[in-house]
>>> print(open('structure_30.cif').read())   # mmCIF, C-alpha atoms and all ligand atoms
data_query
#
loop_
_atom_site.label_atom_id
_atom_site.label_comp_id
_atom_site.auth_asym_id
_atom_site.auth_seq_id
_atom_site.Cartn_x
_atom_site.Cartn_y
_atom_site.Cartn_z
CA MET Q 1 -7.96 36.49 13.30
CA THR Q 2 -6.60 38.24 10.17
CA PRO Q 3 -4.42 35.91 8.09
CA ALA Q 4 -0.81 37.08 7.59
CA PRO Q 5 -0.27 38.50 4.09
CA PHE Q 6 1.79 36.41 1.68
CA GLU Q 7 3.22 36.66 -1.83
CA GLU Q 8 1.35 34.35 -4.17
CA LEU Q 9 2.99 32.07 -6.71
CA SER Q 10 0.81 30.73 -9.54
CA VAL Q 11 1.69 27.82 -11.76
CA HIS Q 12 -0.14 26.53 -14.81
CA PHE Q 13 -0.04 22.75 -14.85
CA GLN Q 14 0.50 22.77 -18.60
CA ASP Q 15 4.03 24.04 -17.83
CA LEU Q 16 4.86 21.14 -15.51
CA LYS Q 17 5.98 17.58 -16.22
CA PRO Q 18 3.76 14.80 -14.80
CA SER Q 19 6.44 13.95 -12.20
CA GLU Q 20 6.54 17.60 -11.09
CA ILE Q 21 2.76 17.67 -10.81
CA TYR Q 22 2.88 14.48 -8.75
CA HIS Q 23 5.40 15.94 -6.30
CA LEU Q 24 3.66 19.30 -6.07
CA VAL Q 25 0.13 17.99 -5.60
CA THR Q 26 1.07 15.24 -3.13
CA SER Q 27 2.92 17.85 -1.06
CA MET Q 28 -0.21 20.03 -1.01
CA VAL Q 29 -3.05 17.56 -0.57
CA VAL Q 30 -2.05 16.53 2.94
CA PRO Q 31 -2.44 14.77 5.27
CA ARG Q 32 -3.55 11.65 3.44
CA PRO Q 33 -4.52 8.48 5.34
CA ILE Q 34 -2.85 5.23 4.40
CA ALA Q 35 -4.93 2.29 3.19
CA VAL Q 36 -3.14 -1.02 3.50
CA VAL Q 37 -5.02 -3.05 0.92
CA GLY Q 38 -5.20 -6.81 1.33
CA THR Q 39 -6.05 -9.09 -1.59
CA ILE Q 40 -5.49 -12.73 -2.56
CA ASP Q 41 -4.12 -14.15 -5.79
CA GLU Q 42 -5.45 -17.10 -7.78
CA ASN Q 43 -3.55 -19.54 -5.54
CA GLY Q 44 -4.95 -17.98 -2.37
CA ILE Q 45 -1.65 -16.26 -1.47
CA ASP Q 46 -2.28 -12.99 0.37
CA ASN Q 47 -0.90 -9.65 -0.82
CA LEU Q 48 -0.63 -6.34 1.05
CA ALA Q 49 0.20 -2.89 -0.33
CA PRO Q 50 -0.11 0.69 0.98
CA PHE Q 51 -1.99 3.41 -0.92
CA SER Q 52 -2.21 7.09 0.03
CA TYR Q 53 -4.46 8.10 -2.85
CA PHE Q 54 -7.20 6.94 -0.53
CA ASN Q 55 -10.38 8.22 1.05
CA ALA Q 56 -14.05 7.64 1.93
CA VAL Q 57 -16.34 8.79 -0.89
CA SER Q 58 -19.90 7.93 0.13
CA SER Q 59 -21.87 6.56 3.07
CA ASP Q 60 -25.05 5.34 1.34
CA PRO Q 61 -23.88 3.06 -0.10
CA PRO Q 62 -20.73 3.03 2.04
CA CYS Q 63 -17.80 3.33 -0.37
CA LEU Q 64 -14.06 3.83 -0.04
CA MET Q 65 -11.76 4.54 -2.96
CA PHE Q 66 -8.07 4.28 -3.68
CA SER Q 67 -6.08 4.85 -6.83
CA ILE Q 68 -3.51 2.48 -8.31
CA GLY Q 69 -0.74 3.52 -10.70
CA HIS Q 70 1.53 1.19 -12.64
CA ASN Q 71 4.83 -0.34 -11.53
CA ARG Q 72 7.96 1.47 -12.77
CA ASP Q 73 8.33 -1.10 -15.57
CA GLY Q 74 4.76 -0.35 -16.72
CA SER Q 75 3.31 -3.61 -15.40
CA LYS Q 76 0.10 -3.88 -13.39
CA LYS Q 77 0.41 -3.85 -9.59
CA ASP Q 78 -0.45 -7.12 -7.86
CA THR Q 79 -3.29 -5.43 -5.93
CA LEU Q 80 -5.08 -4.51 -9.16
CA ARG Q 81 -4.47 -7.93 -10.74
CA ASN Q 82 -6.00 -9.61 -7.70
CA ILE Q 83 -8.98 -7.24 -7.45
CA GLU Q 84 -9.79 -7.64 -11.15
CA LYS Q 85 -9.81 -11.39 -10.60
CA ASN Q 86 -11.57 -11.73 -7.23
CA LYS Q 87 -13.61 -8.49 -7.04
CA GLU Q 88 -13.00 -8.14 -3.32
CA PHE Q 89 -10.43 -6.83 -0.87
CA VAL Q 90 -9.81 -5.64 2.68
CA ILE Q 91 -8.71 -2.09 3.55
CA HIS Q 92 -6.76 -1.73 6.79
CA ILE Q 93 -6.01 1.68 8.32
CA ALA Q 94 -2.33 2.13 9.19
CA THR Q 95 -1.40 3.75 12.50
CA ALA Q 96 1.63 5.95 13.22
CA ASP Q 97 3.56 3.12 14.94
CA GLN Q 98 3.21 0.98 11.77
CA VAL Q 99 5.22 3.27 9.49
CA GLN Q 100 8.03 0.73 9.06
CA TRP Q 101 5.62 -1.98 7.95
CA VAL Q 102 4.01 0.45 5.50
CA GLU Q 103 7.38 1.34 4.01
CA ALA Q 104 8.34 -2.34 3.71
CA MET Q 105 4.99 -3.22 2.07
CA GLY Q 106 5.55 -0.46 -0.50
CA GLU Q 107 8.60 -2.31 -1.88
CA PRO Q 108 7.78 -4.50 -4.89
CA LEU Q 109 7.79 -8.27 -4.35
CA PRO Q 110 7.44 -10.87 -7.12
CA TYR Q 111 3.80 -11.81 -7.84
CA GLY Q 112 2.64 -14.55 -5.47
CA GLU Q 113 4.98 -13.58 -2.62
CA SER Q 114 3.36 -12.35 0.58
CA GLU Q 115 4.45 -9.04 2.15
CA ARG Q 116 2.49 -10.09 5.23
CA ALA Q 117 4.44 -13.35 5.65
CA LYS Q 118 7.74 -11.50 5.14
CA LEU Q 119 6.86 -9.09 7.97
CA GLY Q 120 5.57 -11.88 10.24
CA LEU Q 121 2.04 -10.43 10.50
CA THR Q 122 -0.99 -12.56 11.37
CA LEU Q 123 -3.86 -13.46 9.05
CA THR Q 124 -7.37 -13.79 10.42
CA PRO Q 125 -10.48 -14.83 8.45
CA SER Q 126 -12.86 -12.20 7.17
CA GLN Q 127 -16.56 -12.47 7.88
CA TRP Q 128 -18.12 -11.33 4.61
CA VAL Q 129 -15.41 -11.79 1.95
CA GLN Q 130 -12.97 -14.61 1.11
CA CYS Q 131 -9.90 -12.40 1.40
CA PRO Q 132 -8.49 -12.60 4.97
CA ARG Q 133 -7.61 -9.65 7.20
CA VAL Q 134 -4.43 -8.82 9.08
CA LYS Q 135 -4.89 -8.93 12.84
CA GLU Q 136 -2.32 -6.29 13.75
CA PHE Q 137 -4.34 -3.46 12.16
CA LYS Q 138 -6.80 -1.75 14.52
CA ILE Q 139 -9.34 -1.05 11.78
CA SER Q 140 -10.24 -3.12 8.74
CA PHE Q 141 -13.02 -2.81 6.17
CA GLU Q 142 -14.25 -5.79 4.18
CA CYS Q 143 -15.05 -4.58 0.65
CA VAL Q 144 -16.46 -5.86 -2.61
CA LEU Q 145 -15.55 -4.12 -5.84
CA GLU Q 146 -18.17 -1.50 -6.71
CA LYS Q 147 -16.46 -0.22 -9.87
CA THR Q 148 -13.16 0.89 -11.33
CA LEU Q 149 -12.48 4.10 -13.22
CA GLU Q 150 -9.48 4.69 -15.48
CA ILE Q 151 -7.92 8.14 -15.07
CA GLY Q 152 -4.86 8.40 -17.29
CA SER Q 153 -2.33 5.87 -16.01
CA ASN Q 154 -4.23 5.25 -12.78
CA THR Q 155 -7.10 2.93 -11.98
CA VAL Q 156 -9.38 4.26 -9.28
CA VAL Q 157 -10.94 1.40 -7.33
CA PHE Q 158 -14.23 1.95 -5.52
CA GLY Q 159 -15.02 -0.60 -2.83
CA ARG Q 160 -18.42 -1.09 -1.27
CA VAL Q 161 -17.92 -1.71 2.43
CA LEU Q 162 -19.78 -4.75 3.74
CA GLY Q 163 -18.59 -4.28 7.30
CA ALA Q 164 -15.77 -3.06 9.53
CA HIS Q 165 -13.76 -4.47 12.44
CA PHE Q 166 -12.05 -2.28 15.00
CA ASP Q 167 -10.25 -2.36 18.31
CA GLU Q 168 -12.99 -2.22 20.92
CA SER Q 169 -10.92 0.02 23.20
CA LEU Q 170 -11.15 2.77 20.55
CA LYS Q 171 -14.96 2.91 20.72
CA ILE Q 172 -16.59 5.94 22.33
CA PRO Q 173 -19.07 4.61 24.96
CA ASN Q 174 -22.71 4.47 23.82
CA LYS Q 175 -21.87 5.68 20.31
CA MET Q 176 -21.01 3.87 17.05
CA ILE Q 177 -17.90 5.97 16.55
CA ILE Q 178 -14.24 5.59 17.45
CA ASP Q 179 -11.80 7.95 19.12
CA SER Q 180 -9.59 8.97 16.20
CA GLN Q 181 -7.04 10.61 18.51
CA GLU Q 182 -6.56 7.28 20.29
CA LEU Q 183 -6.25 5.54 16.90
CA ASN Q 184 -3.27 7.75 16.05
CA PRO Q 185 -3.51 7.21 12.28
CA LEU Q 186 -0.47 7.43 10.05
CA ALA Q 187 -0.64 10.38 7.65
CA ARG Q 188 1.22 10.82 4.38
CA MET Q 189 2.82 14.27 4.22
CA ALA Q 190 5.20 15.90 1.74
CA ARG Q 191 8.48 13.96 1.79
CA GLY Q 192 7.50 11.70 4.66
CA TYR Q 193 4.88 10.97 7.25
CA GLY Q 194 3.11 12.70 10.10
CA LYS Q 195 0.60 12.12 12.81
CA THR Q 196 -2.74 13.90 13.06
CA CYS Q 197 -4.01 15.50 16.26
CA HIS Q 198 -7.19 17.26 17.35
CA LEU Q 199 -7.21 21.06 17.67
C1 LIG Q 201 3.06 5.38 1.93
C2 LIG Q 201 2.89 4.83 0.56
C3 LIG Q 201 1.81 5.25 -0.21
C4 LIG Q 201 1.62 4.74 -1.49
N1 LIG Q 201 0.53 5.16 -2.19
C5 LIG Q 201 0.32 4.65 -3.44
C6 LIG Q 201 -0.85 5.03 -4.17
O1 LIG Q 201 -1.69 5.79 -3.72
N2 LIG Q 201 -0.99 4.49 -5.42
C7 LIG Q 201 -0.11 3.60 -5.94
O2 LIG Q 201 -0.29 3.12 -7.05
N3 LIG Q 201 0.99 3.22 -5.26
C8 LIG Q 201 1.21 3.70 -4.02
N4 LIG Q 201 2.31 3.31 -3.31
C9 LIG Q 201 3.21 2.32 -3.90
C10 LIG Q 201 2.69 0.90 -3.77
O3 LIG Q 201 2.42 0.59 -2.41
C11 LIG Q 201 3.73 -0.08 -4.33
O4 LIG Q 201 3.82 0.12 -5.71
C12 LIG Q 201 3.47 -1.53 -4.00
O5 LIG Q 201 4.63 -2.26 -4.32
C13 LIG Q 201 2.32 -2.12 -4.79
O6 LIG Q 201 2.21 -3.46 -4.40
P1 LIG Q 201 1.45 -4.58 -5.18
O7 LIG Q 201 2.19 -4.81 -6.49
O8 LIG Q 201 1.54 -5.74 -4.24
O9 LIG Q 201 0.06 -4.10 -5.41
C14 LIG Q 201 2.54 3.80 -2.03
C15 LIG Q 201 3.63 3.39 -1.26
C16 LIG Q 201 3.80 3.90 0.02
C17 LIG Q 201 4.98 3.43 0.84
#
>>> encode(input="structure_30.cif", output="structure tokens")
Amino acid sequence: MTPAPFEELSVHFQDLKPSEIYHLVTSMVVPRPIAVVGTIDENGIDNLAPFSYFNAVSSDPPCLMFSIGHNRDGSKKDTLRNIEKNKEFVIHIATADQVQWVEAMGEPLPYGESERAKLGLTLTPSQWVQCPRVKEFKISFECVLEKTLEIGSNTVVFGRVLGAHFDESLKIPNKMIIDSQELNPLARMARGYGKTCHL
């Protein structure tokens, strides 16, 4: 199939403000999965926050990464504070029907207040880390901090995956793989959300 011709627009990023770059790039690098990252603070209070600068980066060792910016007032996000302290976290994969929870979790709450409790979600113990998981998510990864990397105002967090939990009904028979169509993951798109589907 010959692609339809199009007029090309080129932009040098030196000519854009950081906020313009943010909006342009996040409208182009799509779809992005949503990591709902669970951590605990020094008093054991759980914290949840969504991140779309998120992906898998290696399998041996198994590593996931997500990138944390600062709060609008310049302060550190609770997720980063907790990870720096405890060096562990849980990454849950958000599904399309969970978009309202994701939006609610993205709103700032004072340090030490639980987004999970506010939404009435259920904690369940993890198997390999201290930080608990949230039962309502169909996939969760228990992670220990592998390393962090500062990129400008962001901190990229690499987590080594110790193990995963998933809804058994998603598993493809006789294979260690899940049916991603059945999962129906939530995807971050330009100015909103989408679903992904197989071609
Ligand atoms: C869909 C979605 C994706 C987001 N992705 C990111 C991200 O990749 N990096 C980031 O720093 N903040 C991201 N945010 C904003 C954080 O979730 C938000 O700042 C949150 O309040 C941080 O919570 P915390 O202080 O408990 O860590 C996103 C928010 C939403 C709703």
>>> residues_around(input="structure_30.cif", residues="range 20-29 of chain Q", least_positions_apart="6", cutoff="8 Å", atoms="all atoms listed in the file", output="PyMOL selection string")
chain Q and resi 13+189-191
>>> residues_near_ligand(input="structure_30.cif", ligand="ligand LIG 201 (chain Q)", cutoff="6 Å", atoms="all atoms listed in the file", output="list in words")
Asn47, Leu48, Ala49, Pro50, Phe51, Ser52, Tyr53, Ser67, Ile68, Gly69, Asn71, Lys77, Asp78, Thr79, Val102, Glu103, Gly106, Glu107 and Pro108 of chain Q
>>> residues_around(input="structure_30.cif", residues="Glu113 in chain Q", least_positions_apart="2", cutoff="8 Å", atoms="all atoms listed in the file", output="VMD selection string")
chain Q and resid 45 to 47 109 to 111 115
>>> residues_around(input="structure_30.cif", residues="Ile178 in chain Q", least_positions_apart="2", cutoff="12 Å", atoms="only C-alpha atoms", output="JSON list (two decimals) with C-alpha atoms, in the frame of the given file")
[["chain", "number", "residue", "atom", "x", "y", "z"],
["Q", 138, "LYS", "CA", -6.80, -1.75, 14.52],
["Q", 139, "ILE", "CA", -9.34, -1.05, 11.78],
["Q", 164, "ALA", "CA", -15.77, -3.06, 9.53],
["Q", 165, "HIS", "CA", -13.76, -4.47, 12.44],
["Q", 166, "PHE", "CA", -12.05, -2.28, 15.00],
["Q", 167, "ASP", "CA", -10.25, -2.36, 18.31],
["Q", 168, "GLU", "CA", -12.99, -2.22, 20.92],
["Q", 169, "SER", "CA", -10.92, 0.02, 23.20],
["Q", 170, "LEU", "CA", -11.15, 2.77, 20.55],
["Q", 171, "LYS", "CA", -14.96, 2.91, 20.72],
["Q", 172, "ILE", "CA", -16.59, 5.94, 22.33],
["Q", 173, "PRO", "CA", -19.07, 4.61, 24.96],
["Q", 174, "ASN", "CA", -22.71, 4.47, 23.82],
["Q", 175, "LYS", "CA", -21.87, 5.68, 20.31],
["Q", 176, "MET", "CA", -21.01, 3.87, 17.05],
["Q", 180, "SER", "CA", -9.59, 8.97, 16.20],
["Q", 181, "GLN", "CA", -7.04, 10.61, 18.51],
["Q", 182, "GLU", "CA", -6.56, 7.28, 20.29],
["Q", 183, "LEU", "CA", -6.25, 5.54, 16.90],
["Q", 184, "ASN", "CA", -3.27, 7.75, 16.05]]
>>> closest_residue(input="structure_30.cif", among="Q:Thr196, Q:Thr39, Q:Thr2, Q:Gln14", to="Arg133 in chain Q", atoms="only C-alpha atoms")
Q:Thr39
>>> residues_around(input="structure_30.cif", residues="Pro185 in chain Q", least_positions_apart="4", cutoff="12 Å", atoms="all atoms listed in the file", output="ChimeraX atom specification")
/Q:31-35,92-99,137-139,179-181,193-198
>>> residues_around(input="structure_30.cif", residues="Gln127 in chain Q", least_positions_apart="5", cutoff="12 Å", atoms="all atoms listed in the file", output="list of chain:residue names")
Q:Val90, Q:Pro132, Q:Arg133, Q:Ser140, Q:Phe141, Q:Glu142, Q:Cys143, Q:Leu162, Q:Gly163, Q:Ala164, Q:His165
>>> atom_distance(input="structure_30.cif", atom1="CA of Asn43 in chain Q", atom2="CA of Ser126 in chain Q")
17.4 Å
>>> axis_aligned_box(input="structure_30.cif", around="range 64-75 of chain Q", padding_each_side="5 Å", output="JSON")
{"center_x": -2.9, "center_y": 0.6, "center_z": -8.4, "size_x": 32.4, "size_y": 18.5, "size_z": 26.7}
>>> atom_distance(input="structure_30.cif", atom1="CA of Glu146 in chain Q", atom2="CA of Ile177 in chain Q")
24.4 Å
>>> closest_residue(input="structure_30.cif", among="Q:Asp41, Q:Phe89, Q:Ser10, Q:Ser114", to="Leu64 in chain Q", atoms="only C-alpha atoms")
Q:Phe89
>>> atom_distance(input="structure_30.cif", atom1="CA of Trp101 in chain Q", atom2="CA of Pro62 in chain Q")
27.5 Å
